[in-house]
Amino acid sequence: MLEALAPYALPIIFIILSPVIGGLLMGVDRKITARMQSRIGPPLVQPFYDVMKLWGKKPFITNIFQPILAFGYMGFAFLALALVAFGMDMLIILFTVAIADICLVGAGYSSKSPFSYFGARRELLVIIAYEPLLFLTAICIYLVSGSFLLSQLFLLGLPLAMLLPGVYLTMALVLLAELKKSPYDVSASAHAHQELVRGVYTEFSGYSMALVELGHWGKAVLMLSFLALFWANNLVLGSALAFVFFFATIVIDNSYPRLTWQKMIRTFWIAGFALILLNLAGLIIIGVI
Amino acid sequence: MGLIGQSRIKSPWVLHFDCGSCNGCDIEILAALTPKFDAERFGIINIGDPKQADILVVTGPMNLRNFRVLKTLYEQMPDPKAVMAVGSCGCTGGIFFNCPNVLGGIDKAIPVDVYVPGCAARPEQIIDGFVLALKKLAEKSSEGGTKK
């Protein structure tokens with residue numbers, strides 16, 4: 001009985017620990033940001049305080065859809081994470097993440113507030129910017145490994161990042177947008193940047209904001225585990241490089257201002273498509289596919 | 001005090017509203033958030049959204065044009081919350097006391113928990129005010145502010 005469950009132990013431990021990892025990542029983010037501005041910064045566990053406080057506040061719900069969709073955002077983000085942990089189909093994972101994003105957009109649109117409306121519209125633009133790149137990534141992985149299943153990556157002789165360096169860098173670019181970091185924080189940004197009030201987060205309060213925050217942690221862990229899976233044969237190195245990319249996003253966040261949405265889509269598509277197509281051309285020339 | 005009560009004290013998010021002040025106090029409030037005084041080490045974030053804020057920081061004398069805005073902002077903040085009046089004008093009306101269009105201190109419209117006097121109030125005083133406001137917040141949350 002126990003032997004049969006053994007292969008599921010690691011994924012389940014990862015799923016249970018993922019909110020803790022996500023919260024600590026956000027804490028590290030705030031601490032490093034503070035150090036870069038020569039401040040002391042909040043304690044490492046500050047995101048947990050924030051979420052618990054938001055959970056305890058009196059709810060201020062504008063309509064019944066909003067908390068449901070906030071729960072959907074959190075739920076689908078962690079469902080996608082669970083699918084990654086069990087090495088499921090890349091396409092299904094991308095669809096699940098897309099549903100999570102659409103939940104957030106829907107929650108933004110569900111309120112009459114113009115700020116939340118604008119934020120939702122901009123969130124859609126961010127999705128338009130990165131979603132084609134994510135799907136091209138899935139297709140590239142299929143071309144190289146012959147399967148959409150993430151568990152197949154472990155059977156490849158070479159790490160994926162060696163075969164698909166361009167796609168790897170594109171995923172790092174998507175990480176910037178998924179974490180809502182400058183210069184791609186057009187829909188809403190993490191604390192301390194204010195524009196259009198709080199963007200798509202404007203109408204959330206109390207426990208629904210706590211759920212959205214949890215969903216954001218889930219997505220952060222999800223993107224970093226994607227990056228780690230590019231080194232499936234050597235997950236320690238993969239995770240270390242994923243953290244290097246995470247650190248790079250913090251540096252970029254602190255050194256670049258927000259782009260307009262036109263420039264965001266232009267830079268995303270030009271850089272992303274160029275990297276992926278060059279990568280594919282290289283693979284065809286050396287005869288891998 | 002439970003875990004949520006503890007967290008409340010550790011993460012006060014601030015909403016800053018200018019009721020027509022001369023911007024002296026506003027600059028000092030922003031100074032309190034900058035690297036030198038670094039209010040974020042106490043978890044204080046200047047959030048632009050009343051629905052997620054815990055402490056309302058108001059500067060300037062309230063006048064006939066904006067007291068409704070102030071009331072709306074106060075009502076949009078979910079409980080438990082605290083209000084801090086910063087500067088002489090915010091506390092009493094200051095040098096604008098008895099002007100025809102000025103109503104006086106903001107306590108004429110909404111209940112104020114902490115008064116930070118001074119023209120302009122210093123960043124150290126403002127951080128001290130935050131600490132007092134947190135004590136008030138803790139008292140309020142132990143009075144059953146956690147009820148949903």
# chains A, B, ... in the order shown; residues from 1 in each chain; ligands from 1
>>> select_by_dssp(residues="region 97-136 of chain B", states="helix (DSSP H, G or I)", output="PDB file with C-alpha atoms, in the first residue's frame")
ATOM      1  CA  ILE B 106     -11.582  66.491  10.292  1.00  0.00           C
ATOM      2  CA  ASP B 107     -13.091  65.194  13.554  1.00  0.00           C
ATOM      3  CA  LYS B 108     -16.184  67.228  12.682  1.00  0.00           C
ATOM      4  CA  PRO B 123       8.245  62.203   9.967  1.00  0.00           C
ATOM      5  CA  GLU B 124       9.300  60.913  13.415  1.00  0.00           C
ATOM      6  CA  GLN B 125       6.068  62.258  14.885  1.00  0.00           C
ATOM      7  CA  ILE B 126       4.080  60.689  12.057  1.00  0.00           C
ATOM      8  CA  ILE B 127       5.688  57.269  12.653  1.00  0.00           C
ATOM      9  CA  ASP B 128       4.924  57.739  16.374  1.00  0.00           C
ATOM     10  CA  GLY B 129       1.338  58.467  15.356  1.00  0.00           C
ATOM     11  CA  PHE B 130       1.265  55.221  13.371  1.00  0.00           C
ATOM     12  CA  VAL B 131       2.403  53.322  16.470  1.00  0.00           C
ATOM     13  CA  LEU B 132      -0.436  54.895  18.508  1.00  0.00           C
ATOM     14  CA  ALA B 133      -2.910  54.143  15.716  1.00  0.00           C
ATOM     15  CA  LEU B 134      -1.809  50.505  15.785  1.00  0.00           C
ATOM     16  CA  LYS B 135      -2.563  50.339  19.524  1.00  0.00           C
ATOM     17  CA  LYS B 136      -6.043  51.696  18.771  1.00  0.00           C
TER      18      LYS B 136
END
>>> residues_around(residues="Ser11 (chain B)", least_positions_apart="6", cutoff="9 Å", atoms="only C-alpha atoms", output="list in words")
Gln46, Pro47, Tyr49, Asp50 and Lys53 of chain A; Phe42, Gly43, Ile44, Ile45 and Asp54 of chain B
>>> write_last_selection(atoms="C-alpha atoms", output="tab-separated table (two decimals), in the first residue's frame")
chain	number	residue	atom	x	y	z
A	46	GLN	CA	5.41	39.99	5.91
A	47	PRO	CA	3.25	38.56	3.03
A	49	TYR	CA	0.87	38.84	7.90
A	50	ASP	CA	-0.74	40.73	5.02
A	53	LYS	CA	-4.90	40.47	8.12
B	42	PHE	CA	6.74	47.92	10.22
B	43	GLY	CA	4.72	46.60	7.29
B	44	ILE	CA	3.28	50.03	6.51
B	45	ILE	CA	2.39	50.40	2.84
B	54	ASP	CA	-6.47	49.95	7.60
>>> closest_atom_pairs(of="chain B", to="chain A", cutoff="12 Å", atoms="only C-alpha atoms", output="tab-separated table")
residue	atom	partner	partner_atom	distance
B:Gly2	CA	A:Gly56	CA	10.4
B:Leu3	CA	A:Met52	CA	7.7
B:Ile4	CA	A:Lys53	CA	5.6
B:Gly5	CA	A:Lys53	CA	7.5
B:Gln6	CA	A:Tyr49	CA	8.0
B:Ser7	CA	A:Tyr49	CA	4.6
B:Arg8	CA	A:Lys53	CA	5.0
B:Ile9	CA	A:Lys53	CA	8.6
B:Lys10	CA	A:Tyr49	CA	6.4
B:Ser11	CA	A:Asp50	CA	5.6
B:Pro12	CA	A:Asp50	CA	8.4
B:Trp13	CA	A:Asp50	CA	8.9
B:Val14	CA	A:Ala192	CA	10.8
B:Leu15	CA	A:Val197	CA	11.0
B:Leu30	CA	A:Ala192	CA	11.4
B:Ala32	CA	A:Arg39	CA	11.8
B:Leu33	CA	A:Ala192	CA	9.8
B:Thr34	CA	A:Arg39	CA	8.2
B:Pro35	CA	A:Arg39	CA	4.9
B:Lys36	CA	A:Arg39	CA	7.3
B:Phe37	CA	A:Arg39	CA	8.4
B:Asp38	CA	A:Arg39	CA	6.1
B:Ala39	CA	A:Gly41	CA	8.4
B:Glu40	CA	A:Pro42	CA	5.6
B:Arg41	CA	A:Pro42	CA	3.9
B:Phe42	CA	A:Pro42	CA	6.2
B:Gly43	CA	A:Pro42	CA	5.6
B:Ile44	CA	A:Pro42	CA	8.6
B:Ile45	CA	A:Ala192	CA	6.6
B:Asn46	CA	A:Ala192	CA	6.3
B:Ile47	CA	A:Ala192	CA	6.7
B:Gly48	CA	A:Val197	CA	5.3
B:Asp49	CA	A:Val197	CA	6.0
B:Pro50	CA	A:Thr202	CA	8.9
B:Lys51	CA	A:Ser205	CA	5.4
B:Gln52	CA	A:Ser205	CA	5.3
B:Ala53	CA	A:Ser205	CA	8.9
B:Asp54	CA	A:Lys57	CA	9.1
B:Glu75	CA	A:Phe60	CA	10.5
B:Gln76	CA	A:Phe60	CA	8.2
B:Met77	CA	A:Phe60	CA	8.4
B:Pro78	CA	A:Lys58	CA	5.5
B:Asp79	CA	A:Lys58	CA	5.4
B:Pro80	CA	A:Lys57	CA	6.7
B:Lys81	CA	A:Lys57	CA	9.3
B:Leu137	CA	A:Lys57	CA	11.8
B:Ala138	CA	A:Lys53	CA	11.8
B:Lys140	CA	A:Lys57	CA	11.9
B:Ser141	CA	A:Lys57	CA	9.4
B:Ser142	CA	A:Gly56	CA	12.0
B:Gly144	CA	A:Lys58	CA	10.7
B:Gly145	CA	A:Lys58	CA	7.6
B:Thr146	CA	A:Gly56	CA	5.8
B:Lys147	CA	A:Lys58	CA	6.9
B:Lys148	CA	A:Lys58	CA	5.4
>>> closest_residue(among="A:Leu235, A:Met88, A:Ile127, A:Leu164", to="Ile265 (chain A)", atoms="only C-alpha atoms")
A:Ile127
>>> residues_around(residues="region 94-99 of chain B", least_positions_apart="2", cutoff="10 Å", atoms="only C-alpha atoms", output="PyMOL selection string")
chain B and resi 60-63+87-92+101-105+117-119
>>> atom_distance(atom1="CA of Ala232 (chain A)", atom2="CA of Phe247 (chain A)")
20.9 Å
>>> closest_residue(among="A:Tyr8, A:Phe135, A:Phe95, A:Phe118", to="Phe273 (chain A)", atoms="only C-alpha atoms")
A:Phe135
>>> select_by_dssp(residues="region 46-135 of chain B", states="strand (DSSP E)", output="MDAnalysis selection string")
chainID B and resid 46 55:59 62:63 82:86 102:104 114:116
>>> write_last_selection(atoms="N, CA and C atoms", output="compact mmCIF listing (two decimals), in the first residue's frame")
# COMPACT_ATOMS: atom_id res chain seq x y z
N ASN B 46 1.79 52.42 1.66
CA ASN B 46 0.88 53.47 1.23
C ASN B 46 0.05 52.92 0.09
N ILE B 55 -5.53 52.15 7.91
CA ILE B 55 -5.42 53.44 8.59
C ILE B 55 -5.64 54.54 7.56
N LEU B 56 -6.55 55.47 7.89
CA LEU B 56 -6.79 56.61 7.02
C LEU B 56 -5.99 57.78 7.57
N VAL B 57 -5.10 58.31 6.77
CA VAL B 57 -4.27 59.44 7.19
C VAL B 57 -4.76 60.67 6.45
N VAL B 58 -5.22 61.66 7.21
CA VAL B 58 -5.80 62.84 6.58
C VAL B 58 -5.00 64.07 6.94
N THR B 59 -4.70 64.89 5.94
CA THR B 59 -4.02 66.16 6.19
C THR B 59 -4.92 67.29 5.71
N MET B 62 -10.60 70.50 6.60
CA MET B 62 -11.74 70.01 5.82
C MET B 62 -12.58 71.20 5.38
N ASN B 63 -13.00 71.21 4.13
CA ASN B 63 -13.83 72.31 3.67
C ASN B 63 -15.14 71.83 3.07
N ALA B 82 -8.60 52.65 11.61
CA ALA B 82 -8.25 53.76 12.48
C ALA B 82 -8.05 55.00 11.63
N VAL B 83 -8.28 56.17 12.22
CA VAL B 83 -8.12 57.42 11.49
C VAL B 83 -7.07 58.26 12.20
N MET B 84 -6.19 58.87 11.40
CA MET B 84 -5.12 59.68 11.94
C MET B 84 -5.19 61.05 11.29
N ALA B 85 -5.30 62.10 12.10
CA ALA B 85 -5.29 63.46 11.57
C ALA B 85 -3.88 64.01 11.72
N VAL B 86 -3.28 64.44 10.60
CA VAL B 86 -1.89 64.89 10.62
C VAL B 86 -1.83 66.39 10.37
N VAL B 102 -14.17 76.81 5.41
CA VAL B 102 -13.49 75.73 6.12
C VAL B 102 -14.34 75.27 7.29
N LEU B 103 -14.49 73.94 7.41
CA LEU B 103 -15.32 73.40 8.48
C LEU B 103 -14.52 73.18 9.75
N GLY B 104 -13.18 73.15 9.65
CA GLY B 104 -12.35 72.93 10.84
C GLY B 104 -11.65 71.60 10.76
N VAL B 114 -6.21 59.27 16.30
CA VAL B 114 -4.91 59.81 16.67
C VAL B 114 -4.75 61.20 16.05
N TYR B 115 -4.29 62.14 16.89
CA TYR B 115 -3.99 63.48 16.38
C TYR B 115 -2.47 63.65 16.37
N VAL B 116 -1.93 64.07 15.23
CA VAL B 116 -0.50 64.36 15.14
C VAL B 116 -0.37 65.84 14.85
>>> closest_residue(among="A:Thr96, A:Ser239, A:Asn233, A:Ser208", to="Phe65 (chain A)", atoms="only C-alpha atoms")
A:Ser208
>>> residues_around(residues="Ala129 (chain A)", least_positions_apart="3", cutoff="12 Å", atoms="only C-alpha atoms", output="NGL selection string")
:A and (122-126 or 132-135 or 170 or 173-174 or 176-178 or 184 or 186 or 261-273)
